[in-house]
Every structure is written in C-alpha cells, then in structure tokens.
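Engineer: File upload_0.pdb below, PDB, C-alpha atoms:
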ATOM      1  CA  MET A  19     113.954  35.207 -31.043
ATOM      2  CA  LYS A  20     110.527  36.614 -31.855
ATOM      3  CA  LEU A  21     110.159  39.924 -33.619
ATOM      4  CA  SER A  22     107.403  42.289 -32.631
ATOM      5  CA  PHE A  23     105.205  43.707 -35.337
ATOM      6  CA  LYS A  24     106.802  47.164 -34.844
ATOM      7  CA  THR A  25     110.334  45.733 -35.223
ATOM      8  CA  PHE A  26     109.262  43.742 -38.287
ATOM      9  CA  ALA A  27     107.620  46.830 -39.830
ATOM     10  CA  ALA A  28     110.691  48.986 -39.126
ATOM     11  CA  LEU A  29     113.025  46.382 -40.692
ATOM     12  CA  SER A  30     110.726  46.085 -43.709
ATOM     13  CA  ILE A  31     110.763  49.855 -44.229
ATOM     14  CA  ILE A  32     114.566  49.981 -43.926
ATOM     15  CA  THR A  33     114.928  47.100 -46.397
ATOM     16  CA  PHE A  34     112.489  48.692 -48.861
ATOM     17  CA  THR A  35     114.181  52.094 -48.567
ATOM     18  CA  SER A  36     117.645  50.553 -49.035
ATOM     19  CA  ALA A  37     116.479  48.739 -52.156
ATOM     20  CA  PHE A  38     114.986  51.968 -53.518
ATOM     21  CA  VAL A  39     118.221  53.896 -52.893
ATOM     22  CA  ALA A  40     120.256  51.228 -54.692
ATOM     23  CA  VAL A  41     117.866  51.281 -57.663
ATOM     24  CA  SER A  42     117.817  55.084 -57.819
ATOM     25  CA  ALA A  43     121.608  55.120 -58.285
ATOM     26  CA  ASN A  44     121.414  53.179 -61.571
ATOM     27  CA  TRP A  45     121.919  55.272 -64.692
ATOM     28  CA  ASN A  46     121.311  54.712 -68.387
ATOM     29  CA  LEU A  47     124.145  55.934 -70.596
ATOM     30  CA  ASP A  48     122.922  58.616 -72.991
ATOM     31  CA  ALA A  49     123.777  58.327 -76.687
ATOM     32  CA  ASN A  50     124.836  62.017 -76.794
ATOM     33  CA  TYR A  51     128.123  61.480 -74.981
ATOM     34  CA  ASN A  52     131.517  62.811 -76.033
ATOM     35  CA  ILE A  53     134.859  61.053 -75.629
ATOM     36  CA  ARG A  54     137.692  63.130 -77.098
ATOM     37  CA  PHE A  55     141.384  62.369 -77.197
ATOM     38  CA  THR A  56     144.280  64.705 -77.941
ATOM     39  CA  GLY A  57     148.034  64.401 -78.124
ATOM     40  CA  SER A  58     150.916  65.671 -80.200
ATOM     41  CA  LYS A  59     149.803  65.289 -83.841
ATOM     42  CA  VAL A  60     146.726  63.219 -82.946
ATOM     43  CA  GLU A  61     143.188  64.105 -81.929
ATOM     44  CA  GLY A  62     139.693  62.815 -82.435
ATOM     45  CA  THR A  63     136.735  61.043 -80.906
ATOM     46  CA  ILE A  64     135.659  57.514 -80.179
ATOM     47  CA  SER A  65     132.111  56.192 -79.809
ATOM     48  CA  GLY A  66     130.079  53.040 -79.238
ATOM     49  CA  LEU A  67     129.857  53.467 -75.446
ATOM     50  CA  THR A  68     127.901  50.728 -73.685
ATOM     51  CA  GLY A  69     127.802  49.359 -70.177
ATOM     52  CA  LYS A  70     126.647  49.992 -66.645
ATOM     53  CA  ALA A  71     126.814  53.056 -64.387
ATOM     54  CA  ILE A  72     125.750  52.836 -60.755
ATOM     55  CA  PHE A  73     126.615  56.020 -58.894
ATOM     56  CA  ASP A  74     125.219  57.774 -55.855
ATOM     57  CA  PRO A  75     127.510  60.395 -54.276
ATOM     58  CA  SER A  76     126.182  59.459 -50.819
ATOM     59  CA  SER A  77     127.094  55.771 -51.285
ATOM     60  CA  LEU A  78     130.434  55.529 -53.088
ATOM     61  CA  LYS A  79     131.070  52.014 -51.744
ATOM     62  CA  ASP A  80     128.191  50.772 -53.938
ATOM     63  CA  ALA A  81     129.272  52.643 -57.085
ATOM     64  CA  LEU A  82     130.244  50.771 -60.238
ATOM     65  CA  ILE A  83     131.291  51.845 -63.706
ATOM     66  CA  ASP A  84     131.694  48.985 -66.178
ATOM     67  CA  VAL A  85     131.830  50.313 -69.736
ATOM     68  CA  GLU A  86     133.392  49.733 -73.113
ATOM     69  CA  VAL A  87     133.748  51.677 -76.333
ATOM     70  CA  ASP A  88     134.049  50.434 -79.874
ATOM     71  CA  ALA A  89     137.702  50.947 -80.882
ATOM     72  CA  THR A  90     136.714  50.640 -84.547
ATOM     73  CA  SER A  91     134.684  53.865 -84.192
ATOM     74  CA  ILE A  92     137.788  56.067 -83.892
ATOM     75  CA  LYS A  93     137.449  59.320 -85.854
ATOM     76  CA  THR A  94     140.358  61.707 -86.380
ATOM     77  CA  GLY A  95     138.873  63.814 -89.151
ATOM     78  CA  ASN A  96     141.073  62.035 -91.696
ATOM     79  CA  SER A  97     139.991  58.653 -93.075
ATOM     80  CA  LEU A  98     143.598  57.637 -93.824
ATOM     81  CA  LYS A  99     144.582  58.327 -90.179
ATOM     82  CA  ASP A 100     141.469  56.430 -89.031
ATOM     83  CA  ASP A 101     142.517  53.378 -91.058
ATOM     84  CA  HIS A 102     146.059  53.557 -89.640
ATOM     85  CA  ALA A 103     144.722  53.924 -86.080
ATOM     86  CA  LYS A 104     142.599  50.790 -86.536
ATOM     87  CA  GLY A 105     145.491  48.833 -88.094
ATOM     88  CA  SER A 106     147.818  46.309 -86.508
ATOM     89  CA  ASP A 107     150.561  48.921 -85.894
ATOM     90  CA  TRP A 108     148.264  50.926 -83.627
ATOM     91  CA  LEU A 109     145.008  49.767 -81.957
ATOM     92  CA  ASP A 110     144.731  46.536 -83.977
ATOM     93  CA  THR A 111     140.937  46.665 -83.811
ATOM     94  CA  GLU A 112     140.616  43.339 -85.604
ATOM     95  CA  LYS A 113     142.141  41.607 -82.548
ATOM     96  CA  PHE A 114     141.074  44.169 -79.932
ATOM     97  CA  PRO A 115     137.752  45.727 -81.015
ATOM     98  CA  LYS A 116     136.857  47.135 -77.553
ATOM     99  CA  ILE A 117     138.441  49.519 -75.071
ATOM    100  CA  LYS A 118     137.149  48.636 -71.591
ATOM    101  CA  PHE A 119     137.034  50.225 -68.150
ATOM    102  CA  ARG A 120     135.825  48.655 -64.906
ATOM    103  CA  SER A 121     135.909  50.513 -61.604
ATOM    104  CA  ILE A 122     137.552  49.159 -58.459
ATOM    105  CA  GLU A 123     136.819  51.961 -55.975
ATOM    106  CA  PHE A 124     135.562  55.527 -55.732
ATOM    107  CA  LYS A 125     136.505  58.360 -53.407
ATOM    108  CA  THR A 126     135.689  62.002 -52.846
ATOM    109  CA  VAL A 127     138.478  64.439 -53.727
ATOM    110  CA  LYS A 128     138.764  68.237 -53.581
ATOM    111  CA  GLU A 129     137.655  68.685 -57.215
ATOM    112  CA  GLY A 130     134.811  66.155 -57.050
ATOM    113  CA  TYR A 131     135.436  62.424 -57.232
ATOM    114  CA  GLU A 132     138.052  59.948 -58.338
ATOM    115  CA  VAL A 133     137.558  56.431 -59.596
ATOM    116  CA  ARG A 134     140.301  53.825 -59.560
ATOM    117  CA  GLY A 135     139.782  51.104 -62.093
ATOM    118  CA  ASN A 136     141.210  48.875 -64.780
ATOM    119  CA  LEU A 137     141.544  50.284 -68.281
ATOM    120  CA  GLU A 138     142.068  47.766 -71.074
ATOM    121  CA  ILE A 139     143.428  48.949 -74.406
ATOM    122  CA  HIS A 140     145.009  46.774 -77.088
ATOM    123  CA  GLY A 141     144.770  43.686 -74.851
ATOM    124  CA  THR A 142     146.728  45.340 -72.012
ATOM    125  CA  THR A 143     145.047  46.156 -68.710
ATOM    126  CA  LYS A 144     146.404  48.762 -66.294
ATOM    127  CA  ALA A 145     144.988  50.284 -63.118
ATOM    128  CA  ILE A 146     144.419  54.033 -63.435
ATOM    129  CA  ASN A 147     142.823  56.867 -61.477
ATOM    130  CA  ILE A 148     140.314  59.088 -63.249
ATOM    131  CA  PRO A 149     139.264  62.352 -61.592
ATOM    132  CA  PHE A 150     135.713  63.391 -62.463
ATOM    133  CA  GLN A 151     132.780  65.565 -61.547
ATOM    134  CA  PHE A 152     129.156  64.506 -61.388
ATOM    135  CA  ALA A 153     126.158  66.832 -61.566
ATOM    136  CA  GLN A 154     122.527  65.750 -61.402
ATOM    137  CA  ALA A 155     119.076  67.319 -61.568
ATOM    138  CA  ASP A 156     115.583  66.160 -62.518
ATOM    139  CA  GLY A 157     116.529  62.525 -63.160
ATOM    140  CA  LYS A 158     119.475  63.425 -65.381
ATOM    141  CA  GLY A 159     123.182  63.453 -64.635
ATOM    142  CA  LEU A 160     126.483  64.350 -66.265
ATOM    143  CA  PHE A 161     129.871  62.758 -65.667
ATOM    144  CA  THR A 162     132.797  64.935 -66.814
ATOM    145  CA  GLY A 163     136.502  64.336 -66.455
ATOM    146  CA  LYS A 164     139.970  64.435 -67.974
ATOM    147  CA  PHE A 165     142.882  62.085 -67.601
ATOM    148  CA  LYS A 166     146.063  61.119 -69.430
ATOM    149  CA  ILE A 167     147.491  57.808 -70.502
ATOM    150  CA  ASP A 168     150.694  56.782 -72.237
ATOM    151  CA  ARG A 169     149.659  54.797 -75.308
ATOM    152  CA  LYS A 170     153.003  52.936 -75.269
ATOM    153  CA  GLU A 171     152.180  51.438 -71.848
ATOM    154  CA  TYR A 172     149.209  49.745 -73.508
ATOM    155  CA  GLY A 173     151.264  48.300 -76.336
ATOM    156  CA  VAL A 174     150.093  50.914 -78.863
ATOM    157  CA  LYS A 175     153.514  51.542 -80.395
ATOM    158  CA  GLY A 176     152.611  52.670 -83.899
ATOM    159  CA  ASN A 177     154.512  52.518 -87.146
ATOM    160  CA  PHE A 178     157.594  54.468 -88.296
ATOM    161  CA  MET A 179     155.651  57.750 -88.048
ATOM    162  CA  ALA A 180     154.999  57.224 -84.322
ATOM    163  CA  SER A 181     158.317  58.757 -83.309
ATOM    164  CA  SER A 182     156.957  62.201 -84.235
ATOM    165  CA  MET A 183     153.892  61.707 -81.988
ATOM    166  CA  SER A 184     153.732  61.955 -78.238
ATOM    167  CA  GLY A 185     153.050  58.854 -76.223
ATOM    168  CA  GLU A 186     150.858  60.839 -73.851
ATOM    169  CA  ILE A 187     147.204  61.110 -74.808
ATOM    170  CA  GLU A 188     144.671  63.242 -72.924
ATOM    171  CA  ILE A 189     141.148  61.861 -72.775
ATOM    172  CA  GLU A 190     138.172  64.118 -72.066
ATOM    173  CA  LEU A 191     134.834  62.623 -71.044
ATOM    174  CA  LYS A 192     131.349  64.140 -71.093
ATOM    175  CA  ILE A 193     128.866  61.371 -70.392
ATOM    176  CA  PRO A 194     125.207  62.336 -69.880
ATOM    177  CA  VAL A 195     123.021  59.802 -68.095
ATOM    178  CA  THR A 196     119.373  59.400 -67.145
ATOM    179  CA  LYS A 197     117.983  57.555 -64.134
ATOM    180  CA  LYS A 198     116.672  54.065 -64.732
TER
END
Represent the structure contained in this file as structure tokens.
Structural biologist:
Amino acid sequence: MKLSFKTFAALSIITFTSAFVAVSANWNLDANYNIRFTGSKVEGTISGLTGKAIFDPSSLKDALIDVEVDATSIKTGNSLKDDHAKGSDWLDTEKFPKIKFRSIEFKTVKEGYEVRGNLEIHGTTKAINIPFQFAQADGKGLFTGKFKIDRKEYGVKGNFMASSMSGEIEIELKIPVTKK
C-alpha cells in the first residue's frame, strides 16, 4: 500500500503532536513540597521525595506516579520520637529506608481525581486509592490530596507505647511541580 504525500504529512503531524502531548505531561517534582501525617498522639512531616510524575488530565490512561520518600527523614518535632519512629519497633528505617508509591490507574471523580496504586511501607505493599486535586498554570502545577492508612496493616506495630496511639494515620500531600 502506497501512501500519498498528504497522508504521510498528516500522519507525521499526528505523530509529532502525540509525542509533544506526551512530553508536555511530564513534571519535575519541586523541592518545596509538603507531606504531613497526623494521628492520635503522632504528627509530623517526611521528606526526601524523588521520582516521576506524568500527568495530563485529558489523558489519564497515560498518567504515572512513581515516587518514594526517605523514611529516615521523619520529623515529629521531638528528636526522641524521631529516633523511636526510625527504630525497629516502628518504621525500621535501617531495613526499610524508603516509602514507595507507584500508580496503577487514574480516574476522574467528583472532587477531582483518584489514583489507585501500590503503597509500600515497612516492606509491606498494599493497593490504596488516593483522592487528589491538580491545578496548573504557566508551566507549574500543584497536586494536593488527603488519605488515611492504618499503620498496623503495614506491619508498623510499635513498642509498648503504641497502644495509646491510633493505628489510623492521615496523610496530607501538597506537591508542586514544574513542566519538564
């Protein structure tokens, strides 16, 4: 089958445009992000976010979030609590220095978007849904969202003091990004 010049030109333009759209959905993670966690008798932040964010609201099938944070960066405002949180009774950061998330699928929901993915904490991986919003303007974007996990489901049992703490932890995300 021979292609006419017009057909070839049209296919070339479509291919070029498709490649440009895919590239324009790639985002660099900004260093000024905020990941907060709260629960009964525990709160703080965690940092060291690295990874990949590909997101275009008009092409959710091509979206990907593959990130990790440095579990050793946990900050509770109390150095003694930080040391306990990093210890073998809690996060055991010597064995499990990273908390990881990798998306499986995205969908539009009433409040914005939802990503289903695998969250790995303390060597245990579980599928979770994270509702989020995404705003963008002038080559910059902001992912925001809140979700809850039960630390015990991830094998984060704690020491004898854990019985006074809730298992449920709320995580709040504010992740600024810039276009690549």
Engineer: Need to verify the contact set: segment 149-166 of chain A, 12 Å, all atoms listed in the file, exclusion of same-chain residues closer than 3 positions in sequence. Can you return it as an NGL selection string?
Structural biologist: :A and (42-48 or 50-57 or 71-75 or 83 or 124-135 or 137 or 146 or 169 or 171 or 184-198)
Engineer: Name the residues that the PyMOL selection byres ((chain A and resi 136) around 7) pulls out of this structure, and write them as JSON, numbers by chain.
Structural biologist: {"A": [119, 120, 121, 135, 137, 138, 143, 144, 145, 146]}
Engineer: Using C-alpha atoms, can you export the residues from the last selection as a PDB file, in the coordinates of the input?
Structural biologist:
ATOM      1  CA  PHE A 119     137.034  50.225 -68.150  1.00  0.00           C
ATOM      2  CA  ARG A 120     135.825  48.655 -64.906  1.00  0.00           C
ATOM      3  CA  SER A 121     135.909  50.513 -61.604  1.00  0.00           C
ATOM      4  CA  GLY A 135     139.782  51.104 -62.093  1.00  0.00           C
ATOM      5  CA  LEU A 137     141.544  50.284 -68.281  1.00  0.00           C
ATOM      6  CA  GLU A 138     142.068  47.766 -71.074  1.00  0.00           C
ATOM      7  CA  THR A 143     145.047  46.156 -68.710  1.00  0.00           C
ATOM      8  CA  LYS A 144     146.404  48.762 -66.294  1.00  0.00           C
ATOM      9  CA  ALA A 145     144.988  50.284 -63.118  1.00  0.00           C
ATOM     10  CA  ILE A 146     144.419  54.033 -63.435  1.00  0.00           C
TER      11      ILE A 146
END
Engineer: To one decimal place, how far is atom CA of Ser97 of chain A from atom CA of Val174 of chain A in Å?
Structural biologist: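 Atom CA of Val174 of chain A lies at a distance of 19.1 Å from atom CA of Ser97 of chain A.
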Engineer: So what do you get for atom CA of Val87 of chain A versus atom CA of Glu112 of chain A, distance-wise?
Structural biologist: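 It comes out at 14.2 Å.
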Engineer: What separation in Å, quoted to one decimal, exists between atom CA of Ser77 of chain A and atom CA of Ile117 of chain A?
Structural biologist: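 According to the coordinates, atom CA of Ser77 of chain A and atom CA of Ile117 of chain A are separated by 27.1 Å.
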